[in-house]
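Source file: upload-v4.txt. Holds: compact mmCIF, C-alpha atoms.
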```txt
# COMPACT_ATOMS: atom_id res chain seq x y z
CA MET R 1 13.75 28.02 -22.20
CA ASN R 2 10.64 26.12 -23.23
CA ALA R 3 10.51 22.42 -24.00
CA PRO R 4 11.13 21.57 -27.67
CA GLU R 5 8.23 20.90 -29.99
CA LEU R 6 7.36 17.22 -30.00
CA THR R 7 5.32 14.91 -32.17
CA ARG R 8 2.47 12.86 -30.69
CA VAL R 9 4.64 9.76 -30.85
CA GLN R 10 7.43 11.50 -28.93
CA ILE R 11 4.99 12.82 -26.30
CA ALA R 12 3.52 9.35 -25.80
CA TRP R 13 6.98 7.84 -25.45
CA LEU R 14 8.05 10.45 -22.91
CA GLN R 15 4.90 9.89 -20.87
CA GLU R 16 5.55 6.16 -20.92
CA ILE R 17 8.98 6.61 -19.34
CA GLY R 18 7.76 9.22 -16.86
CA ILE R 19 8.85 12.57 -18.33
CA ASP R 20 6.31 15.37 -18.67
CA ARG R 21 6.69 18.78 -20.36
CA ARG R 22 7.81 20.51 -17.17
CA MET R 23 10.56 18.00 -16.62
CA LEU R 24 11.66 18.24 -20.26
CA ALA R 25 11.81 22.03 -20.01
CA HIS R 26 14.01 21.67 -16.94
CA TYR R 27 16.43 19.39 -18.78
CA VAL R 28 16.60 21.85 -21.68
CA ALA R 29 17.30 24.75 -19.30
CA GLN R 30 20.10 22.75 -17.70
CA GLY R 31 21.72 22.11 -21.08
CA GLU R 32 20.80 18.43 -21.16
CA PHE R 33 19.65 18.85 -24.79
CA GLY R 34 21.11 20.55 -27.77
CA ASP R 35 19.19 22.71 -30.23
CA PRO R 36 15.48 21.97 -29.59
CA GLY R 37 14.78 22.05 -33.27
CA THR R 38 17.35 19.43 -34.18
CA ALA R 39 17.74 17.22 -31.12
CA PRO R 40 14.57 17.14 -29.04
CA VAL R 41 15.59 13.96 -27.25
CA ARG R 42 19.14 12.79 -26.75
CA GLN R 43 19.91 9.16 -26.17
CA GLY R 44 20.45 8.47 -22.48
CA ALA R 45 18.84 11.71 -21.30
CA ALA R 46 15.48 10.20 -20.45
CA ALA R 47 14.84 9.66 -16.77
CA PRO R 48 13.51 6.18 -16.03
CA GLY R 49 10.58 5.32 -13.80
CA GLY R 50 6.88 5.62 -14.47
CA PRO R 51 4.66 8.37 -13.09
CA ASP R 52 2.98 6.04 -10.58
CA ILE R 53 6.16 4.70 -9.04
CA ALA R 54 7.17 6.47 -5.84
CA ALA R 55 10.77 7.58 -5.64
CA PRO R 56 13.27 5.95 -3.28
CA ALA R 57 14.61 8.44 -0.79
CA ALA R 58 18.16 9.40 0.05
CA ASP R 59 20.72 7.02 1.45
CA ALA R 60 21.26 9.28 4.44
CA PRO R 61 20.03 7.95 7.79
CA SER R 62 19.06 10.65 10.25
CA ARG R 63 20.05 10.99 13.86
CA GLY R 64 17.26 13.48 14.54
CA ILE R 65 14.91 10.68 15.72
CA ARG R 66 16.80 8.43 18.08
CA PRO R 67 16.19 4.69 18.18
CA SER R 68 16.02 3.10 21.61
CA ALA R 69 16.90 -0.17 20.56
CA GLN R 70 16.20 -4.46 0.26
CA THR R 71 16.84 -1.73 -1.56
CA PRO R 72 13.63 -0.71 -3.38
CA PRO R 73 13.68 -1.91 -6.97
CA SER R 74 14.39 0.73 -9.55
CA ARG R 75 14.61 0.99 -13.30
CA ARG R 76 17.59 3.28 -12.90
CA ALA R 77 21.15 2.06 -13.24
CA PRO R 78 22.72 1.39 -9.81
CA GLN R 79 24.06 4.53 -8.16
CA ALA R 80 26.68 5.05 -5.52
CA ALA R 81 25.13 5.51 -2.09
CA ALA R 82 25.07 9.06 -0.79
CA PRO R 83 27.32 9.60 2.22
CA ALA R 84 25.56 9.42 5.55
CA ALA R 85 24.83 12.85 6.96
CA GLU R 86 24.01 13.95 10.46
CA THR R 87 20.63 15.63 10.57
CA PRO R 88 20.64 18.55 13.01
CA PRO R 89 17.99 18.87 15.73
CA VAL R 90 14.62 20.24 14.66
CA ARG R 91 15.06 23.89 13.74
CA ALA R 92 13.42 26.45 15.97
CA GLU R 93 11.68 28.04 12.99
CA VAL R 94 9.72 24.86 12.16
CA ALA R 95 6.08 25.58 12.98
CA GLY R 96 4.60 24.03 16.11
CA ASP R 97 1.07 23.55 14.75
CA TRP R 98 -0.43 21.70 11.79
CA ASP R 99 -1.60 24.73 9.82
CA GLY R 100 1.72 26.53 10.15
CA LEU R 101 3.68 23.39 9.33
CA ARG R 102 1.62 22.70 6.22
CA GLU R 103 2.14 26.27 5.02
CA GLN R 104 5.89 25.93 5.53
CA VAL R 105 6.06 22.68 3.57
CA VAL R 106 3.95 23.97 0.69
CA SER R 107 6.10 27.11 0.35
CA CYS R 108 9.44 25.49 1.28
CA GLN R 109 12.50 26.40 -0.79
CA GLY R 110 14.98 24.59 1.41
CA CYS R 111 16.47 22.60 -1.47
CA ALA R 112 16.50 22.59 -5.28
CA LEU R 113 13.44 20.34 -5.55
CA HIS R 114 11.11 23.31 -5.06
CA SER R 115 11.99 24.58 -8.55
CA VAL R 116 10.90 21.39 -10.34
CA ARG R 117 8.04 20.07 -8.22
CA GLY R 118 4.42 20.24 -9.27
CA ARG R 119 3.05 20.39 -5.74
CA ALA R 120 4.64 19.73 -2.37
CA VAL R 121 3.12 16.66 -0.71
CA PHE R 122 2.54 17.44 2.97
CA GLY R 123 0.51 14.40 3.99
CA SER R 124 -3.09 13.41 4.61
CA GLY R 125 -5.23 11.55 7.10
CA ASP R 126 -5.93 11.59 10.82
CA VAL R 127 -3.65 13.93 12.79
CA GLN R 128 -5.08 13.29 16.27
CA ALA R 129 -3.07 10.40 17.76
CA PRO R 130 -3.67 8.04 14.83
CA GLN R 131 -3.12 4.34 15.33
CA LEU R 132 -0.75 4.38 12.34
CA MET R 133 1.59 6.82 10.64
CA VAL R 134 2.57 5.45 7.24
CA ILE R 135 5.82 6.98 6.02
CA GLY R 136 7.03 6.45 2.46
CA GLU R 137 10.18 7.68 0.80
CA ALA R 138 9.28 10.45 -1.66
CA PRO R 139 6.29 11.43 -3.82
CA GLY R 140 5.69 9.72 -7.14
CA GLY R 141 4.28 11.31 -10.27
CA SER R 142 0.64 10.88 -9.24
CA ASP R 143 1.43 12.30 -5.79
CA ASP R 144 3.13 15.33 -7.34
CA ARG R 145 0.10 16.08 -9.48
CA ALA R 146 -2.47 15.60 -6.69
CA GLY R 147 -0.46 17.04 -3.81
CA LEU R 148 -1.35 13.91 -1.80
CA PRO R 149 0.75 10.88 -0.78
CA PHE R 150 0.31 7.32 -2.02
CA GLN R 151 -1.72 8.04 -5.13
CA GLY R 152 -1.83 6.01 -8.32
CA LYS R 153 -1.06 2.30 -8.54
CA ALA R 154 1.22 2.30 -5.49
CA GLY R 155 -1.50 3.85 -3.35
CA ILE R 156 -4.13 1.40 -4.59
CA LEU R 157 -1.84 -1.51 -3.75
CA LEU R 158 -1.07 -0.09 -0.29
CA GLN R 159 -4.76 0.22 0.58
CA ALA R 160 -5.42 -3.32 -0.68
CA MET R 161 -2.60 -4.64 1.49
CA LEU R 162 -3.80 -2.77 4.58
CA ALA R 163 -7.26 -4.23 4.00
CA ALA R 164 -5.84 -7.74 3.56
CA ALA R 165 -3.99 -7.39 6.86
CA GLY R 166 -7.07 -6.12 8.67
CA LEU R 167 -5.68 -2.61 9.08
CA ASP R 168 -8.04 -0.77 6.76
CA GLY R 169 -10.15 0.35 9.73
CA ALA R 170 -7.23 1.80 11.66
CA THR R 171 -6.89 5.57 11.89
CA ALA R 172 -3.84 6.64 9.89
CA PHE R 173 -1.80 9.59 8.71
CA TYR R 174 0.15 9.21 5.45
CA THR R 175 3.28 11.14 4.51
CA ASN R 176 6.76 10.81 3.04
CA LEU R 177 10.31 11.32 4.18
CA VAL R 178 10.85 13.84 1.36
CA LYS R 179 7.96 16.16 0.51
CA CYS R 180 8.78 17.00 -3.14
CA ARG R 181 9.24 14.63 -6.05
CA PRO R 182 12.78 14.33 -7.40
CA LEU R 183 12.88 14.56 -11.19
CA GLY R 184 12.61 11.20 -12.86
CA ASN R 185 12.01 9.51 -9.49
CA ARG R 186 15.71 9.53 -8.74
CA PRO R 187 16.84 9.04 -5.15
CA PRO R 188 16.93 12.37 -3.27
CA THR R 189 20.28 13.68 -2.16
CA ALA R 190 21.43 13.86 1.44
CA GLU R 191 20.83 17.62 1.28
CA GLU R 192 17.21 17.08 0.23
CA VAL R 193 16.59 14.60 3.04
CA GLN R 194 18.22 16.96 5.51
CA ALA R 195 15.96 19.80 4.37
CA CYS R 196 12.79 17.72 4.87
CA MET R 197 13.65 15.70 7.97
CA PRO R 198 12.71 18.48 10.43
CA TYR R 199 9.22 18.57 8.92
CA LEU R 200 8.80 14.82 9.38
CA GLN R 201 10.11 15.04 12.94
CA ARG R 202 7.57 17.72 13.73
CA GLN R 203 4.75 15.74 12.08
CA ILE R 204 5.55 12.77 14.33
CA SER R 205 5.66 14.99 17.41
CA LEU R 206 2.35 16.68 16.57
CA ALA R 207 0.47 13.54 15.51
CA LYS R 208 1.79 11.29 18.29
CA PRO R 209 1.05 8.09 16.34
CA ARG R 210 0.85 4.85 18.28
CA HIS R 211 2.73 2.94 15.59
CA ILE R 212 4.74 3.82 12.47
CA LEU R 213 4.91 1.81 9.25
CA ALA R 214 8.13 2.73 7.41
CA LEU R 215 7.95 1.76 3.75
CA GLY R 216 11.25 1.28 1.97
CA LYS R 217 14.88 1.09 2.93
CA TRP R 218 15.54 4.82 2.86
CA ALA R 219 12.58 5.75 5.04
CA ALA R 220 13.57 3.03 7.48
CA GLN R 221 17.19 4.18 7.66
CA ALA R 222 16.20 7.79 8.26
CA LEU R 223 13.76 6.90 11.02
CA LEU R 224 15.90 4.31 12.77
CA GLY R 225 19.16 6.21 12.37
CA ALA R 226 20.92 3.05 11.26
CA GLU R 227 22.27 1.81 7.96
CA GLY R 228 21.46 -1.64 6.72
CA GLU R 229 19.51 -3.59 4.18
CA LEU R 230 15.73 -3.66 4.39
CA ASP R 231 15.58 -7.38 5.14
CA ALA R 232 17.81 -6.84 8.17
CA GLN R 233 15.28 -4.38 9.59
CA ARG R 234 12.11 -6.26 8.71
CA GLY R 235 10.43 -8.76 11.00
CA ALA R 236 11.17 -6.85 14.20
CA VAL R 237 9.51 -4.14 16.23
CA HIS R 238 11.77 -1.09 16.55
CA VAL R 239 11.22 1.81 18.92
CA ILE R 240 12.10 5.45 18.25
CA ARG R 241 11.87 8.51 20.47
CA SER R 242 10.42 11.72 19.06
CA GLU R 243 11.84 15.20 19.61
CA THR R 244 9.43 15.62 22.52
CA GLY R 245 10.32 12.29 24.13
CA GLU R 246 7.42 10.03 23.14
CA GLU R 247 8.31 6.47 22.19
CA THR R 248 6.70 4.97 19.11
CA SER R 249 7.00 1.45 17.71
CA VAL R 250 8.14 1.10 14.11
CA VAL R 251 7.58 -1.77 11.68
CA VAL R 252 9.54 -1.78 8.41
CA SER R 253 8.32 -3.18 5.10
CA TYR R 254 8.63 -2.87 1.33
CA HIS R 255 7.37 0.22 -0.43
CA PRO R 256 4.33 -0.63 -2.57
CA ALA R 257 6.06 0.86 -5.61
CA ALA R 258 8.78 -1.76 -5.18
CA LEU R 259 6.15 -4.48 -4.92
CA LEU R 260 4.67 -3.40 -8.23
CA LEU R 261 8.00 -4.26 -9.81
CA ARG R 262 8.73 -7.35 -7.70
CA PRO R 263 5.42 -8.89 -6.65
CA GLN R 264 7.20 -11.97 -5.32
CA HIS R 265 7.86 -9.94 -2.15
CA LYS R 266 4.16 -9.39 -1.43
CA ALA R 267 3.94 -12.38 0.92
CA ASP R 268 6.80 -10.96 3.01
CA ALA R 269 5.16 -7.54 3.00
CA TRP R 270 1.91 -9.04 4.25
CA ARG R 271 3.77 -10.72 7.09
CA ASP R 272 5.17 -7.31 8.03
CA LEU R 273 1.67 -5.86 8.03
CA ALA R 274 0.38 -8.78 10.08
CA LEU R 275 3.06 -8.00 12.67
CA LEU R 276 1.85 -4.42 12.69
CA ARG R 277 -1.73 -5.63 13.01
CA SER R 278 -0.72 -7.66 16.06
CA LEU R 279 0.71 -4.53 17.67
CA VAL R 280 -2.42 -2.52 16.95
CA ARG R 281 -4.81 -5.16 18.22
CA GLU R 282 -2.66 -6.18 21.16
CA ALA R 283 -2.72 -2.56 22.32
CA GLU R 284 -6.51 -2.80 22.17
CA GLY R 285 -6.51 -6.19 23.90
CA SER R 286 -8.31 -7.79 20.97
CA ASP R 287 -5.75 -9.60 18.84
CA PRO R 288 -6.22 -13.40 18.96
CA VAL R 289 -2.99 -13.82 17.01
CA ALA R 290 -0.98 -12.01 19.68
CA LYS R 291 -2.70 -13.98 22.45
CA LYS R 292 -2.18 -17.42 20.88
CA GLY R 293 1.29 -16.71 19.53
CA SER R 294 0.37 -18.25 16.19
CA ASP R 295 1.63 -17.33 12.75
CA PRO R 296 0.40 -13.75 12.10
CA ILE R 297 0.19 -14.42 8.37
CA ARG R 298 -2.43 -17.13 8.83
CA GLY R 299 -5.52 -16.42 6.79
CA LEU R 300 -3.84 -13.91 4.45
CA THR R 301 -3.60 -14.97 0.81
CA PRO R 302 -0.75 -13.50 -1.29
```

Translate this file's structure into structure tokens.
Amino acid sequence: MNAPELTRVQIAWLQEIGIDRRMLAHYVAQGEFGDPGTAPVRQGAAAPGGPDIAAPAADAPSRGIRPSAQTPPSRRAPQAAAPAAETPPVRAEVAGDWDGLREQVVSCQGCALHSVRGRAVFGSGDVQAPQLMVIGEAPGGSDDRAGLPFQGKAGILLQAMLAAAGLDGATAFYTNLVKCRPLGNRPPTAEEVQACMPYLQRQISLAKPRHILALGKWAAQALLGAEGELDAQRGAVHVIRSETGEETSVVVSYHPAALLLRPQHKADAWRDLALLRSLVREAEGSDPVAKKGSDPIRGLTP
């Protein structure tokens, strides 16, 4: 069933709250609306969240990546947390090379998100032992349209923060926990996270990043295999072991989409990035902050 005919005012309003024609057609097909001619928009049916705000991922920490050692703001009403689910080991059919893995992600139909996505978001950046792997939660509206992670306002803010922390010159690969955008930027289900986690595990194993920056509570929980609030995981260096046995340090921080809604957390986020900067430069033997043991946020202006 096609989306109902809309006036210019209705189209502008729907765009403002983050619903495009494809999403509206999906709601109509699912019976979310009545007769298109008489009730094009029903009160309460609109999905909140703007097109440039990345979606929080599922509340389902994974055990697929083993650790050796604040909930992102949302315009949605609070939802009950999804039950924790054990993620099985990486499936044998997951490709062992970048080209094959990308093809699998782009054509994946492992969960219901494939039927409503614009484009699957595989990732972008340096895949040869990058200094950083930046892992978000799920694609936002701009990511879905471009097929690339961290687009739109959230991506602009992320790059500005990396530059402020002195990390803009570091080699990096960018990706998300979940590769397809959930409708309306809702949190993905445990099933959706479970379908995508093997791809992320394989990306980590193939890229062999020196450090990982996990952005958002849900990405952090999935990587660390532990439940807990974001603030309880921030400010420390975690270590995970990939499916092939390599150990990688992980720093946790706020997702830039959350910072767009709550900019008062930017100073804390910059401290997280300064900690990551210390790791990067200490590994290179060139970080004066790490050598002196001084405040890593010194010199950064919120």

Who sits within 12 Å of Ser253 in chain R, only C-alpha atoms, same chain under 3 positions skipped, as a ChimeraX atom specification: /R:70-72,134-137,158,161,212-221,229-237,250,256-259,265-276

Save the residues we just selected, C-alpha atoms, as a short mmCIF file (atom, residue, chain, number, x, y, z; two decimals), in the frame of the given file?
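Ended up saving to out.cif:
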```
data_model
loop_
_atom_site.label_atom_id
_atom_site.label_comp_id
_atom_site.auth_asym_id
_atom_site.auth_seq_id
_atom_site.Cartn_x
_atom_site.Cartn_y
_atom_site.Cartn_z
CA GLN R 70 16.20 -4.46 0.26
CA THR R 71 16.84 -1.73 -1.56
CA PRO R 72 13.63 -0.71 -3.38
CA VAL R 134 2.57 5.45 7.24
CA ILE R 135 5.82 6.98 6.02
CA GLY R 136 7.03 6.45 2.46
CA GLU R 137 10.18 7.68 0.80
CA LEU R 158 -1.07 -0.09 -0.29
CA MET R 161 -2.60 -4.64 1.49
CA ILE R 212 4.74 3.82 12.47
CA LEU R 213 4.91 1.81 9.25
CA ALA R 214 8.13 2.73 7.41
CA LEU R 215 7.95 1.76 3.75
CA GLY R 216 11.25 1.28 1.97
CA LYS R 217 14.88 1.09 2.93
CA TRP R 218 15.54 4.82 2.86
CA ALA R 219 12.58 5.75 5.04
CA ALA R 220 13.57 3.03 7.48
CA GLN R 221 17.19 4.18 7.66
CA GLU R 229 19.51 -3.59 4.18
CA LEU R 230 15.73 -3.66 4.39
CA ASP R 231 15.58 -7.38 5.14
CA ALA R 232 17.81 -6.84 8.17
CA GLN R 233 15.28 -4.38 9.59
CA ARG R 234 12.11 -6.26 8.71
CA GLY R 235 10.43 -8.76 11.00
CA ALA R 236 11.17 -6.85 14.20
CA VAL R 237 9.51 -4.14 16.23
CA VAL R 250 8.14 1.10 14.11
CA PRO R 256 4.33 -0.63 -2.57
CA ALA R 257 6.06 0.86 -5.61
CA ALA R 258 8.78 -1.76 -5.18
CA LEU R 259 6.15 -4.48 -4.92
CA HIS R 265 7.86 -9.94 -2.15
CA LYS R 266 4.16 -9.39 -1.43
CA ALA R 267 3.94 -12.38 0.92
CA ASP R 268 6.80 -10.96 3.01
CA ALA R 269 5.16 -7.54 3.00
CA TRP R 270 1.91 -9.04 4.25
CA ARG R 271 3.77 -10.72 7.09
CA ASP R 272 5.17 -7.31 8.03
CA LEU R 273 1.67 -5.86 8.03
CA ALA R 274 0.38 -8.78 10.08
CA LEU R 275 3.06 -8.00 12.67
CA LEU R 276 1.85 -4.42 12.69
#
```

Proximity to Pro130 in chain R - best of R:Arg181, R:Arg186, R:Arg210, R:Arg202, only C-alpha atoms: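 When distances to Pro130 in chain R are compared using only C-alpha atoms, the smallest one comes from R:Arg210.
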
Exercise: Phe173 in chain R partners within 10 Å, all atoms listed in the file, chain neighbours under 4 positions left out, as an MDAnalysis selection string: chainID R and resid 123:135 149 203:204 207 209 212

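Straight-line separation from CA of Ala112 in chain R to CA of Gly184 in chain R: 14.2 Å.
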
Closest of R:Ala172, R:Tyr199, R:Leu167, R:Gly285 to Glu103 in chain R - atom-to-atom distances counting all atoms listed in the file: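 Nearest to Glu103 in chain R: R:Tyr199.
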
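Taking all atoms listed in the file into account, Glu192 in chain R lies nearest to R:Val178 out of the set R:Leu157, R:Val178, R:Leu223, R:Leu162.
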
Counting only C-alpha atoms, the option among R:Gln201, R:Gly169, R:Asp97, R:Gly140 closest to Gly155 in chain R: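 That would be R:Gly140, the residue with the smallest distance to Gly155 in chain R.
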
Shortest interatomic distance to Glu243 in chain R - which of R:Leu260, R:Ala160, R:Leu177, R:Leu200, counting all atoms listed in the file: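 Of the candidates, the smallest distance to Glu243 in chain R is held by R:Leu200.
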
Using only C-alpha atoms: which of R:Gly110, R:Asp99, R:Ser142, R:Leu148 has the shortest distance to Met197 in chain R: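 Checking each candidate against Met197 in chain R, we get R:Gly110 as the closest.
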